[in-house]
Amino acid sequence: MARNEELVNAILKGDRNNVQTIMQKAIEQKQDVVQLLDGSMIPAMREIGERFSRNEVYVPEMLIAARAMQAGLTLIEPILAQSNHKSLGKIAVGTVKGDLHDIGKNLVAIMLKGAGYEVLDLGTNCSVDKYAEAVNAGVQIVMCSALLTTTMTYMEEVVKHFKDTPEVKVVIGGAPVTQKYADSIGAHAYGRDANEAVKIVENIIGASA
Amino acid sequence: MQNLDLKSRVQHTYEKGERLVVPLVGMPGLKMIGSTIKLGQQNYRIHAEALQALIEHFAPDIVFPLMDLSVEANAIGRYTLFPIDDTATVPHVAFHLDHVDMLPKIDISADTRALGYAKVIELLRHSTDDTVFRAAYVTGPYTLAALILGAQEAAQSIILEPQGLHALTEYCNGIIKDYTQLLIEAGAQIICVLEPSASMLGPDHFLDFSGNYVKELADLCSQKGIATVYHICGNTMHLIENMVKSGVNGLSLDSPSSGMDLLKVMQQVPENVLVMGNLNPVGKIHNGSPEEVQAEVLEVLKSVDSYPNFILSTGCDLPKNTPEKNIHAFMHAGRNYRIANN
Ligand code: B12
């Protein structure tokens, strides 16, 4: 697939203006935006996610890359909708009840968007009801984030709630959360960082496809 | 010089084959005296009483106050919530970097809560002998800027609006310096800079937006013979070198569960910089048995036996409901430990 180096670099650098200019031009020239998405934007986000995992870039760089990506996505979303370009799957992301930390959750959300998934961002302080509503709206994977030891226990409630609907997978993460904890509450999976979140989702969707 | 006192106390203790033992413990003191966190953070007498109870029960080598990241932000006039039994928080209220010069020029020594925290130190100075060092917390410059601007906005501004963010951080550091002076005048012997939000930054940005500002605080303190400690929770393995560059006398580091490797840190840090840490504050000490706490303490201590510049501590503040018997187990294990081949 053709790779637009300029676009890739603009996203990697978090140069939002340049991303917008490139996308605008592509749209005017009626270029294949799906190809820009799959061939340049998604690989760029993957690349920045991997650099982040390897400690080569940090939260500020990730956030501005995400912001640039988002600006590009916003421009092409109407076109994608018309061209009935199908998203790879629908996923809900939210920080659990009592918890207002959202930077990690935001990174997970944008990495998933960047990987081609449709993401319902439920925000912070999410009760079980909020996740359940998202499931009613067609979400197959529920991603819960928690940064407090006092709120991560709420994840157990979320897991319990979806116990009788095994097609709904609950994936958890956040600084105090561990694989051991995920196992102990019966969550489907645990992810260390936003990059891993994407890999987990790919595995789930791949297995069910 | 008191500063030298801490260092020479650490050295002296090491020569005896022992360690200083210093849990970051404030909130459990409130439980011991039957008070709430809200009262402790708003009423200096209750705060001092809680610390007094901790000193009497556990006899730590350094007494740390209640950890409260809202003092300076609150004094500046940022909206602050005081849950009855949880620490005060500063919710995010929109702020734009264009408005830095509209932030108030405050006299922090006229702020009730800031004065209260100073008063706690003063009360301790009268009620304790010189076997226990009095530490005080200040909010770190970048963390205070992030409280005003929003944590995500601050992280983005590092790249998008560095000048504006510097102006804000500069403003914050001015307030923090004034507060530091106030605490030193009240009798603080150690100033511990709480800079959790900076754990998100890469090493260069960290130096630029935290380390260099903290250097000003460290210089100010060292002129007065006061020791400084940099406390950052979370994983700071990538920041150790630049934390040291700030010229602080000590680093206080989080637990292995957050990704920290204490031995690697000790290998990187020069011998004249103290390292405090790093028992998991929400692990065994919170939900395990005294025996498990003891085992964890021994594990931490054994791993750094050959380094004189280590102080046994917890990776972060202990939650209010930490069982008393586990804090005792921590103290006991730390006190009775003997450094091998010493
Ligand atoms: C920034 C911050 C805040 C900001 C939050 C701003 C915001 N918009 O999010 C503010 C100031 C509001 C705040 C408030 C509080 N905070 Co705070 N905060 C932090 C801080 C400094 C950084 C957290 C962060 O954003 N990290 C960066 C992101 C990118 O990392 P992350 O969230 O872990 O996400 C990564 C992975 O975990 C993973 N991930 C995250 N979610 C998910 C989900 C899934 C499904 C997957 C797969 C992966 C995944 O991917 C992400 C990217 O790789 C930490 C300390 C630290 N140094 O870590 C404390 C910290 C988390 N806060 C803490 C506390 C106690 C609080 C307060 C109670 C009060 C206080 N004293 O500060 C309040 C609570 C408010 C509430 N009810 O939530 C404690 C928690 C202690 C504990 N273990 O329980 C910490 C550890 C600091 C401390 N030791 O005191 N805080």
# chains A, B, ... in the order shown; residues from 1 in each chain; ligands from 1

$ interface_residues --of "chain A" --to "chain B" --cutoff "10 Å" --atoms "only C-alpha atoms" --output "number ranges by chain"
A: 14-15, 55-65, 67, 100-104, 106, 149-150, 175-178

$ write_last_selection --atoms "N, CA, C and O atoms" --output "tab-separated table (two decimals), in the first residue's frame"
chain	number	residue	atom	x	y	z
A	14	GLY	N	3.46	15.28	15.26
A	14	GLY	CA	2.32	15.95	15.88
A	14	GLY	C	2.04	17.29	15.23
A	14	GLY	O	1.50	18.20	15.86
A	15	ASP	N	2.39	17.42	13.96
A	15	ASP	CA	2.19	18.69	13.25
A	15	ASP	C	0.77	18.72	12.68
A	15	ASP	O	0.52	18.32	11.54
A	55	ASN	N	9.99	3.58	25.17
A	55	ASN	CA	10.50	4.75	25.89
A	55	ASN	C	11.35	5.67	25.02
A	55	ASN	O	12.27	6.31	25.50
A	56	GLU	N	11.02	5.74	23.75
A	56	GLU	CA	11.74	6.68	22.89
A	56	GLU	C	11.01	8.01	22.82
A	56	GLU	O	11.60	9.04	22.56
A	57	VAL	N	9.70	7.96	23.00
A	57	VAL	CA	8.92	9.19	23.15
A	57	VAL	C	8.06	9.02	24.40
A	57	VAL	O	7.89	7.91	24.91
A	58	TYR	N	7.52	10.13	24.88
A	58	TYR	CA	6.78	10.11	26.14
A	58	TYR	C	5.38	10.68	25.94
A	58	TYR	O	4.97	10.95	24.80
A	59	VAL	N	4.67	10.87	27.05
A	59	VAL	CA	3.27	11.27	26.95
A	59	VAL	C	3.05	12.54	26.10
A	59	VAL	O	2.15	12.56	25.25
A	60	PRO	N	3.85	13.61	26.26
A	60	PRO	CA	3.57	14.81	25.45
A	60	PRO	C	3.61	14.52	23.95
A	60	PRO	O	2.72	14.94	23.20
A	61	GLU	N	4.62	13.77	23.51
A	61	GLU	CA	4.77	13.48	22.08
A	61	GLU	C	3.59	12.62	21.59
A	61	GLU	O	3.06	12.85	20.50
A	62	MET	N	3.19	11.66	22.43
A	62	MET	CA	2.05	10.80	22.07
A	62	MET	C	0.78	11.64	21.93
A	62	MET	O	-0.01	11.47	21.01
A	63	LEU	N	0.60	12.55	22.90
A	63	LEU	CA	-0.63	13.34	22.90
A	63	LEU	C	-0.73	14.22	21.67
A	63	LEU	O	-1.80	14.35	21.07
A	64	ILE	N	0.38	14.82	21.27
A	64	ILE	CA	0.25	15.72	20.12
A	64	ILE	C	0.19	14.95	18.80
A	64	ILE	O	-0.44	15.40	17.85
A	65	ALA	N	0.79	13.77	18.77
A	65	ALA	CA	0.62	12.93	17.57
A	65	ALA	C	-0.86	12.55	17.46
A	65	ALA	O	-1.45	12.59	16.37
A	67	ARG	N	-3.37	14.15	18.57
A	67	ARG	CA	-4.14	15.33	18.23
A	67	ARG	C	-4.08	15.58	16.72
A	67	ARG	O	-5.07	15.92	16.08
A	100	LEU	N	-11.12	10.06	37.97
A	100	LEU	CA	-11.18	11.15	36.99
A	100	LEU	C	-9.93	11.21	36.11
A	100	LEU	O	-9.79	12.11	35.29
A	101	HIS	N	-9.01	10.29	36.30
A	101	HIS	CA	-7.79	10.30	35.49
A	101	HIS	C	-8.14	9.88	34.07
A	101	HIS	O	-8.70	8.80	33.87
A	102	ASP	N	-7.79	10.69	33.08
A	102	ASP	CA	-8.20	10.29	31.74
A	102	ASP	C	-7.10	10.33	30.67
A	102	ASP	O	-7.36	10.03	29.52
A	103	ILE	N	-5.88	10.68	31.05
A	103	ILE	CA	-4.85	10.79	30.01
A	103	ILE	C	-4.55	9.41	29.41
A	103	ILE	O	-4.50	9.25	28.19
A	104	GLY	N	-4.37	8.41	30.26
A	104	GLY	CA	-4.10	7.06	29.77
A	104	GLY	C	-5.25	6.55	28.93
A	104	GLY	O	-5.07	6.00	27.84
A	106	ASN	N	-7.41	8.33	27.30
A	106	ASN	CA	-7.44	9.06	26.02
A	106	ASN	C	-6.43	8.47	25.03
A	106	ASN	O	-6.72	8.38	23.83
A	149	THR	N	-5.96	2.84	43.32
A	149	THR	CA	-6.16	1.51	43.90
A	149	THR	C	-7.58	1.40	44.47
A	149	THR	O	-8.14	0.33	44.54
A	150	THR	N	-8.12	2.56	44.84
A	150	THR	CA	-9.47	2.54	45.42
A	150	THR	C	-10.55	2.38	44.35
A	150	THR	O	-11.66	1.96	44.64
A	175	ALA	N	-2.27	2.35	35.59
A	175	ALA	CA	-1.02	2.12	36.31
A	175	ALA	C	-1.08	1.09	37.45
A	175	ALA	O	-0.19	0.24	37.54
A	176	PRO	N	-2.10	1.10	38.32
A	176	PRO	CA	-2.04	0.14	39.43
A	176	PRO	C	-2.52	-1.26	39.04
A	176	PRO	O	-2.38	-2.20	39.83
A	177	VAL	N	-3.07	-1.41	37.85
A	177	VAL	CA	-3.65	-2.69	37.43
A	177	VAL	C	-2.55	-3.63	36.95
A	177	VAL	O	-1.57	-3.20	36.34
A	178	THR	N	-2.71	-4.91	37.26
A	178	THR	CA	-1.72	-5.91	36.84
A	178	THR	C	-2.42	-7.10	36.18
A	178	THR	O	-3.64	-7.26	36.31

$ select_by_dssp --residues "chain A" --states "strand (DSSP E or B)" --output "list in words"
Lys90, Ile91, Ala92, Val93, Gly94, Thr95, Val96, Glu118, Val119, Leu120, Asp121, Leu122, Gly123, Thr124, Asn125, Cys126, Ile141, Val142, Met143, Cys144, Ser145, Lys169, Val170, Val171, Ile172, Gly173, Ala189, Tyr190 and Gly191 of chain A

$ residues_around --residues "range 88-99 of chain A" --least-positions-apart "5" --cutoff "9 Å" --atoms "only C-alpha atoms" --output "JSON, numbers by chain"
{"A": [105, 106, 108, 109, 112, 115, 116, 117, 118, 119, 120, 121, 122, 123, 124, 125, 126, 127, 128, 130, 131, 134, 135, 138, 139, 140, 141, 142, 143, 144, 145, 146, 147, 148, 150, 151, 152, 154, 155, 158, 201, 205]}

$ write_last_selection --atoms "C-alpha atoms" --output "PDB file, in the first residue's frame"
ATOM      1  CA  LYS A 105      -7.666   6.353  28.700  1.00  0.00           C
ATOM      2  CA  ASN A 106      -7.438   9.059  26.020  1.00  0.00           C
ATOM      3  CA  VAL A 108      -5.876   4.102  24.510  1.00  0.00           C
ATOM      4  CA  ALA A 109      -8.885   5.596  22.703  1.00  0.00           C
ATOM      5  CA  LEU A 112      -7.620   2.336  18.762  1.00  0.00           C
ATOM      6  CA  ALA A 115      -5.793   1.514  14.253  1.00  0.00           C
ATOM      7  CA  GLY A 116      -9.112   1.742  12.433  1.00  0.00           C
ATOM      8  CA  TYR A 117     -11.648   0.946  15.135  1.00  0.00           C
ATOM      9  CA  GLU A 118     -14.759   2.886  15.947  1.00  0.00           C
ATOM     10  CA  VAL A 119     -14.355   4.124  19.513  1.00  0.00           C
ATOM     11  CA  LEU A 120     -17.049   5.257  21.911  1.00  0.00           C
ATOM     12  CA  ASP A 121     -15.252   7.382  24.468  1.00  0.00           C
ATOM     13  CA  LEU A 122     -17.359   7.162  27.618  1.00  0.00           C
ATOM     14  CA  GLY A 123     -15.227   9.673  29.500  1.00  0.00           C
ATOM     15  CA  THR A 124     -14.390   9.361  33.188  1.00  0.00           C
ATOM     16  CA  ASN A 125     -16.327   8.241  36.262  1.00  0.00           C
ATOM     17  CA  CYS A 126     -18.160   5.487  34.338  1.00  0.00           C
ATOM     18  CA  SER A 127     -20.682   3.336  36.152  1.00  0.00           C
ATOM     19  CA  VAL A 128     -21.614  -0.166  35.013  1.00  0.00           C
ATOM     20  CA  LYS A 130     -22.631   3.484  31.135  1.00  0.00           C
ATOM     21  CA  TYR A 131     -20.652   0.498  29.866  1.00  0.00           C
ATOM     22  CA  ALA A 134     -22.424   1.187  25.105  1.00  0.00           C
ATOM     23  CA  VAL A 135     -22.887  -2.561  24.737  1.00  0.00           C
ATOM     24  CA  GLY A 138     -23.296  -2.445  19.585  1.00  0.00           C
ATOM     25  CA  VAL A 139     -19.972  -2.423  21.382  1.00  0.00           C
ATOM     26  CA  GLN A 140     -18.230  -5.753  21.625  1.00  0.00           C
ATOM     27  CA  ILE A 141     -15.212  -4.826  23.710  1.00  0.00           C
ATOM     28  CA  VAL A 142     -15.319  -2.745  26.897  1.00  0.00           C
ATOM     29  CA  MET A 143     -12.009  -1.147  27.901  1.00  0.00           C
ATOM     30  CA  CYS A 144     -11.804   0.044  31.510  1.00  0.00           C
ATOM     31  CA  SER A 145      -9.097   2.313  32.845  1.00  0.00           C
ATOM     32  CA  ALA A 146      -8.308   3.054  36.513  1.00  0.00           C
ATOM     33  CA  LEU A 147      -5.457   4.945  38.148  1.00  0.00           C
ATOM     34  CA  LEU A 148      -6.464   4.623  41.779  1.00  0.00           C
ATOM     35  CA  THR A 150      -9.473   2.536  45.419  1.00  0.00           C
ATOM     36  CA  THR A 151     -11.280   2.624  42.066  1.00  0.00           C
ATOM     37  CA  MET A 152      -9.692  -0.306  40.266  1.00  0.00           C
ATOM     38  CA  TYR A 154     -14.814  -1.301  40.532  1.00  0.00           C
ATOM     39  CA  MET A 155     -13.574  -3.221  37.508  1.00  0.00           C
ATOM     40  CA  VAL A 158     -17.980  -4.396  35.418  1.00  0.00           C
ATOM     41  CA  VAL A 201      -8.241  -5.794  20.542  1.00  0.00           C
ATOM     42  CA  ILE A 205     -11.468  -9.280  16.800  1.00  0.00           C
TER      43      ILE A 205
END

$ residues_around --residues "range 25-38 of chain A" --least-positions-apart "5" --cutoff "8 Å" --atoms "only C-alpha atoms" --output "MDAnalysis selection string"
chainID A and resid 1:4 43 76 79:80 85 116

$ residues_around --residues "range 170-179 of chain B" --least-positions-apart "5" --cutoff "9 Å" --atoms "only C-alpha atoms" --output "CSV table (one decimal) with N, CA and C atoms, in the first residue's frame"
chain,number,residue,atom,x,y,z
B,72,GLU,N,-0.7,25.0,47.6
B,72,GLU,CA,-0.3,26.2,46.8
B,72,GLU,C,-1.4,26.6,45.8
B,73,ALA,N,-1.9,25.6,45.2
B,73,ALA,CA,-3.0,25.8,44.2
B,73,ALA,C,-4.2,26.5,44.8
B,76,ILE,N,-3.5,30.1,45.6
B,76,ILE,CA,-3.5,30.9,44.4
B,76,ILE,C,-5.0,31.3,44.1
B,100,VAL,N,-1.6,34.0,32.0
B,100,VAL,CA,-0.7,33.8,33.1
B,100,VAL,C,-0.5,35.1,33.9
B,101,ASP,N,-0.4,36.2,33.2
B,101,ASP,CA,-0.1,37.4,33.9
B,101,ASP,C,-1.4,37.9,34.7
B,103,LEU,N,-2.9,35.8,36.7
B,103,LEU,CA,-2.9,35.1,38.0
B,103,LEU,C,-2.5,36.0,39.1
B,105,LYS,N,-1.0,37.9,42.3
B,105,LYS,CA,0.3,38.0,43.0
B,105,LYS,C,-0.1,37.8,44.5
B,106,ILE,N,0.1,36.6,45.0
B,106,ILE,CA,-0.4,36.4,46.4
B,106,ILE,C,0.8,36.5,47.4
B,107,ASP,N,0.4,36.7,48.6
B,107,ASP,CA,1.4,36.6,49.7
B,107,ASP,C,1.0,35.3,50.4
B,108,ILE,N,1.8,34.3,50.1
B,108,ILE,CA,1.3,32.9,50.7
B,108,ILE,C,1.4,32.9,52.2
B,109,SER,N,2.2,33.8,52.7
B,109,SER,CA,2.4,33.7,54.2
B,109,SER,C,1.1,34.4,54.9
B,114,ALA,N,-1.7,27.5,54.1
B,114,ALA,CA,-0.3,27.5,54.0
B,114,ALA,C,0.4,27.8,55.4
B,115,LEU,N,-0.2,28.8,56.1
B,115,LEU,CA,0.3,29.1,57.4
B,115,LEU,C,0.1,27.9,58.3
B,118,ALA,N,2.8,25.5,58.0
B,118,ALA,CA,4.0,26.0,58.6
B,118,ALA,C,3.8,25.8,60.2
B,138,VAL,N,6.4,20.6,49.5
B,138,VAL,CA,5.9,21.6,48.7
B,138,VAL,C,5.5,21.0,47.3
B,139,THR,N,4.6,21.6,46.6
B,139,THR,CA,4.2,21.0,45.3
B,139,THR,C,5.3,21.4,44.3
B,140,GLY,N,5.6,20.5,43.4
B,140,GLY,CA,6.6,20.7,42.4
B,140,GLY,C,6.2,21.7,41.4
B,141,PRO,N,7.1,22.5,40.8
B,141,PRO,CA,6.7,23.6,39.9
B,141,PRO,C,5.9,23.1,38.7
B,142,TYR,N,6.3,22.0,38.1
B,142,TYR,CA,5.6,21.5,36.9
B,142,TYR,C,4.2,20.9,37.3
B,144,LEU,N,2.4,21.9,39.9
B,144,LEU,CA,1.5,23.0,40.2
B,144,LEU,C,1.0,23.7,38.9
B,145,ALA,N,1.9,23.8,37.9
B,145,ALA,CA,1.5,24.3,36.6
B,145,ALA,C,0.4,23.4,36.0
B,165,LEU,N,4.1,28.0,28.8
B,165,LEU,CA,4.2,27.1,29.9
B,165,LEU,C,5.4,27.5,30.8
B,184,ILE,N,10.6,26.9,56.1
B,184,ILE,CA,12.0,26.9,56.7
B,184,ILE,C,12.0,27.7,58.0
B,213,TYR,N,13.9,24.2,37.5
B,213,TYR,CA,13.1,25.0,38.4
B,213,TYR,C,13.4,24.5,39.9
B,214,VAL,N,13.4,23.2,40.0
B,214,VAL,CA,13.7,22.6,41.3
B,214,VAL,C,15.1,23.0,41.7
B,216,GLU,N,16.5,25.8,41.4
B,216,GLU,CA,16.4,27.1,42.2
B,216,GLU,C,15.9,26.9,43.6
B,217,LEU,N,15.0,25.9,43.8
B,217,LEU,CA,14.5,25.6,45.2
B,217,LEU,C,15.7,25.0,46.0
B,220,LEU,N,18.2,27.6,47.0
B,220,LEU,CA,17.7,28.4,48.1
B,220,LEU,C,17.8,27.7,49.4

$ atom_distance --atom1 "CA of Ala189 in chain A" --atom2 "CA of Ala132 in chain A"
18.4 Å

$ residues_around --residues "Met27 in chain B" --least-positions-apart "4" --cutoff "7 Å" --atoms "only C-alpha atoms" --output "number ranges by chain"
B: 31, 37, 66, 318-320

$ residues_around --residues "Lys119 in chain B" --least-positions-apart "5" --cutoff "9 Å" --atoms "only C-alpha atoms" --output "short mmCIF file (atom, residue, chain, number, x, y, z; two decimals) with C-alpha atoms, in the first residue's frame"
data_model
loop_
_atom_site.label_atom_id
_atom_site.label_comp_id
_atom_site.auth_asym_id
_atom_site.auth_seq_id
_atom_site.Cartn_x
_atom_site.Cartn_y
_atom_site.Cartn_z
CA TYR B 44 -3.23 22.60 61.95
CA ARG B 45 -3.77 21.45 65.54
CA ALA B 48 0.05 18.27 64.41
CA ALA B 114 -0.25 27.48 54.00
CA LEU B 124 6.66 19.84 66.12
CA LEU B 183 8.27 26.43 56.02
CA ALA B 186 8.85 27.59 60.88
#

$ closest_residue --among "B:Gly150, B:Gly40, B:Gly187, B:Gly34" --to "ligand 1" --atoms "only C-alpha atoms and all ligand atoms"
B:Gly150

$ atom_distance --atom1 "CA of Asp193 in chain A" --atom2 "atom 18 (N, counted along the ligand's line) of ligand 1"
16.2 Å

$ closest_residue --among "A:Lys86, A:Arg16, A:Lys113, A:Arg54" --to "ligand 1" --atoms "only C-alpha atoms and all ligand atoms"
A:Arg54

$ closest_residue --among "B:Ala333, B:Leu149, B:Cys233, B:Met32" --to "ligand 1" --atoms "only C-alpha atoms and all ligand atoms"
B:Cys233

$ atom_distance --atom1 "CA of Glu5 in chain A" --atom2 "CA of Gly39 in chain A"
9.9 Å

$ select_by_dssp --residues "range 12-104 of chain B" --states "helix (DSSP H, G or I)" --output "mmCIF file with N, CA and C atoms, in the first residue's frame"
data_model
loop_
_atom_site.group_PDB
_atom_site.id
_atom_site.type_symbol
_atom_site.label_atom_id
_atom_site.label_comp_id
_atom_site.auth_asym_id
_atom_site.auth_seq_id
_atom_site.Cartn_x
_atom_site.Cartn_y
_atom_site.Cartn_z
ATOM 1 N N HIS B 12 26.542 7.808 59.411
ATOM 2 C CA HIS B 12 26.841 7.281 60.738
ATOM 3 C C HIS B 12 26.032 6.005 61.001
ATOM 4 N N THR B 13 24.749 6.078 60.648
ATOM 5 C CA THR B 13 23.872 4.923 60.860
ATOM 6 C C THR B 13 24.369 3.737 60.034
ATOM 7 N N TYR B 14 24.798 4.037 58.815
ATOM 8 C CA TYR B 14 25.299 2.970 57.937
ATOM 9 C C TYR B 14 26.533 2.317 58.547
ATOM 10 N N GLU B 15 27.383 3.153 59.110
ATOM 11 C CA GLU B 15 28.607 2.605 59.707
ATOM 12 C C GLU B 15 28.293 1.665 60.865
ATOM 13 N N MET B 27 -1.528 10.168 56.805
ATOM 14 C CA MET B 27 -2.952 9.848 56.938
ATOM 15 C C MET B 27 -3.249 8.837 58.060
ATOM 16 N N PRO B 28 -2.450 7.745 58.198
ATOM 17 C CA PRO B 28 -2.766 6.798 59.276
ATOM 18 C C PRO B 28 -2.753 7.461 60.660
ATOM 19 N N GLY B 29 -1.996 8.553 60.811
ATOM 20 C CA GLY B 29 -1.987 9.280 62.086
ATOM 21 C C GLY B 29 -3.361 9.857 62.391
ATOM 22 N N LEU B 30 -4.061 10.266 61.344
ATOM 23 C CA LEU B 30 -5.416 10.803 61.535
ATOM 24 C C LEU B 30 -6.356 9.708 62.012
ATOM 25 N N LYS B 31 -6.140 8.505 61.485
ATOM 26 C CA LYS B 31 -6.972 7.388 61.936
ATOM 27 C C LYS B 31 -6.709 7.116 63.419
ATOM 28 N N MET B 32 -5.435 7.196 63.795
ATOM 29 C CA MET B 32 -5.080 6.905 65.184
ATOM 30 C C MET B 32 -5.727 7.883 66.155
ATOM 31 N N ILE B 37 -9.606 13.207 57.159
ATOM 32 C CA ILE B 37 -8.574 13.854 56.344
ATOM 33 C C ILE B 37 -8.923 15.331 56.145
ATOM 34 N N LYS B 38 -10.184 15.610 55.951
ATOM 35 C CA LYS B 38 -10.595 16.998 55.750
ATOM 36 C C LYS B 38 -10.178 17.863 56.951
ATOM 37 N N LEU B 39 -10.476 17.382 58.143
ATOM 38 C CA LEU B 39 -10.108 18.157 59.331
ATOM 39 C C LEU B 39 -8.593 18.297 59.437
ATOM 40 N N GLY B 40 -7.886 17.207 59.182
ATOM 41 C CA GLY B 40 -6.432 17.245 59.273
ATOM 42 C C GLY B 40 -5.824 18.237 58.295
ATOM 43 N N GLN B 41 -6.418 18.340 57.106
ATOM 44 C CA GLN B 41 -5.850 19.243 56.092
ATOM 45 C C GLN B 41 -6.321 20.685 56.273
ATOM 46 N N GLN B 42 -7.318 20.880 57.116
ATOM 47 C CA GLN B 42 -7.803 22.253 57.317
ATOM 48 C C GLN B 42 -7.491 22.818 58.699
ATOM 49 N N TYR B 44 -4.629 22.950 61.676
ATOM 50 C CA TYR B 44 -3.235 22.599 61.952
ATOM 51 C C TYR B 44 -3.044 21.875 63.278
ATOM 52 N N ARG B 45 -3.929 22.138 64.249
ATOM 53 C CA ARG B 45 -3.769 21.453 65.540
ATOM 54 C C ARG B 45 -4.043 19.957 65.398
ATOM 55 N N ILE B 46 -5.092 19.648 64.646
ATOM 56 C CA ILE B 46 -5.413 18.234 64.415
ATOM 57 C C ILE B 46 -4.282 17.578 63.616
ATOM 58 N N HIS B 47 -3.801 18.300 62.616
ATOM 59 C CA HIS B 47 -2.689 17.803 61.797
ATOM 60 C C HIS B 47 -1.476 17.490 62.691
ATOM 61 N N ALA B 48 -1.117 18.448 63.542
ATOM 62 C CA ALA B 48 0.054 18.269 64.406
ATOM 63 C C ALA B 48 -0.161 17.116 65.390
ATOM 64 N N GLU B 49 -1.385 17.017 65.877
ATOM 65 C CA GLU B 49 -1.694 15.945 66.824
ATOM 66 C C GLU B 49 -1.505 14.574 66.151
ATOM 67 N N ALA B 50 -1.938 14.480 64.890
ATOM 68 C CA ALA B 50 -1.792 13.221 64.149
ATOM 69 C C ALA B 50 -0.309 12.870 63.985
ATOM 70 N N LEU B 51 0.504 13.872 63.651
ATOM 71 C CA LEU B 51 1.932 13.594 63.461
ATOM 72 C C LEU B 51 2.586 13.212 64.788
ATOM 73 N N GLN B 52 2.133 13.877 65.848
ATOM 74 C CA GLN B 52 2.649 13.559 67.172
ATOM 75 C C GLN B 52 2.351 12.091 67.515
ATOM 76 N N ALA B 53 1.133 11.673 67.197
ATOM 77 C CA ALA B 53 0.751 10.274 67.470
ATOM 78 C C ALA B 53 1.652 9.321 66.681
ATOM 79 N N LEU B 54 1.955 9.699 65.441
ATOM 80 C CA LEU B 54 2.817 8.846 64.616
ATOM 81 C C LEU B 54 4.219 8.760 65.211
ATOM 82 N N ILE B 55 4.720 9.906 65.671
ATOM 83 C CA ILE B 55 6.072 9.916 66.251
ATOM 84 C C ILE B 55 6.094 9.023 67.494
ATOM 85 N N GLU B 56 5.072 9.161 68.331
ATOM 86 C CA GLU B 56 5.044 8.377 69.562
ATOM 87 C C GLU B 56 4.911 6.877 69.283
ATOM 88 N N HIS B 57 4.092 6.541 68.299
ATOM 89 C CA HIS B 57 3.881 5.115 68.034
ATOM 90 C C HIS B 57 5.017 4.467 67.266
ATOM 91 N N PHE B 58 5.564 5.189 66.301
ATOM 92 C CA PHE B 58 6.485 4.530 65.377
ATOM 93 C C PHE B 58 7.919 5.043 65.444
ATOM 94 N N VAL B 71 -2.216 22.653 48.488
ATOM 95 C CA VAL B 71 -1.957 23.837 49.326
ATOM 96 C C VAL B 71 -1.677 25.093 48.493
ATOM 97 N N GLU B 72 -0.671 25.004 47.609
ATOM 98 C CA GLU B 72 -0.301 26.198 46.848
ATOM 99 C C GLU B 72 -1.394 26.571 45.839
ATOM 100 N N ALA B 73 -1.946 25.568 45.160
ATOM 101 C CA ALA B 73 -2.987 25.845 44.160
ATOM 102 C C ALA B 73 -4.184 26.516 44.820
ATOM 103 N N ASN B 74 -4.532 26.024 45.988
ATOM 104 C CA ASN B 74 -5.636 26.564 46.757
ATOM 105 C C ASN B 74 -5.327 28.019 47.164
ATOM 106 N N ALA B 75 -4.080 28.266 47.575
ATOM 107 C CA ALA B 75 -3.691 29.620 47.995
ATOM 108 C C ALA B 75 -3.750 30.597 46.819
ATOM 109 N N ILE B 76 -3.460 30.074 45.619
ATOM 110 C CA ILE B 76 -3.533 30.929 44.425
ATOM 111 C C ILE B 76 -4.991 31.256 44.101
ATOM 112 N N LEU B 97 -3.035 29.703 28.668
ATOM 113 C CA LEU B 97 -1.690 30.220 28.919
ATOM 114 C C LEU B 97 -1.547 31.713 28.604
ATOM 115 N N ASP B 98 -2.464 32.256 27.805
ATOM 116 C CA ASP B 98 -2.418 33.698 27.552
ATOM 117 C C ASP B 98 -2.710 34.495 28.816
ATOM 118 N N HIS B 99 -3.278 33.823 29.804
ATOM 119 C CA HIS B 99 -3.746 34.546 30.993
ATOM 120 C C HIS B 99 -2.824 34.413 32.197
ATOM 121 N N VAL B 100 -1.590 33.991 31.951
ATOM 122 C CA VAL B 100 -0.673 33.795 33.081
ATOM 123 C C VAL B 100 -0.488 35.085 33.872
ATOM 124 N N ASP B 101 -0.373 36.212 33.157
ATOM 125 C CA ASP B 101 -0.124 37.439 33.934
ATOM 126 C C ASP B 101 -1.372 37.944 34.663
ATOM 127 N N MET B 102 -2.485 37.235 34.460
ATOM 128 C CA MET B 102 -3.675 37.598 35.240
ATOM 129 C C MET B 102 -3.779 36.787 36.523
#

$ closest_residue --among "B:Glu195, B:Glu296, B:Glu122, B:Asp130" --to "ligand 1" --atoms "only C-alpha atoms and all ligand atoms"
B:Glu195

$ closest_residue --among "A:Leu107, A:Ala66, A:Ile185, A:Ile204" --to "ligand 1" --atoms "only C-alpha atoms and all ligand atoms"
A:Leu107
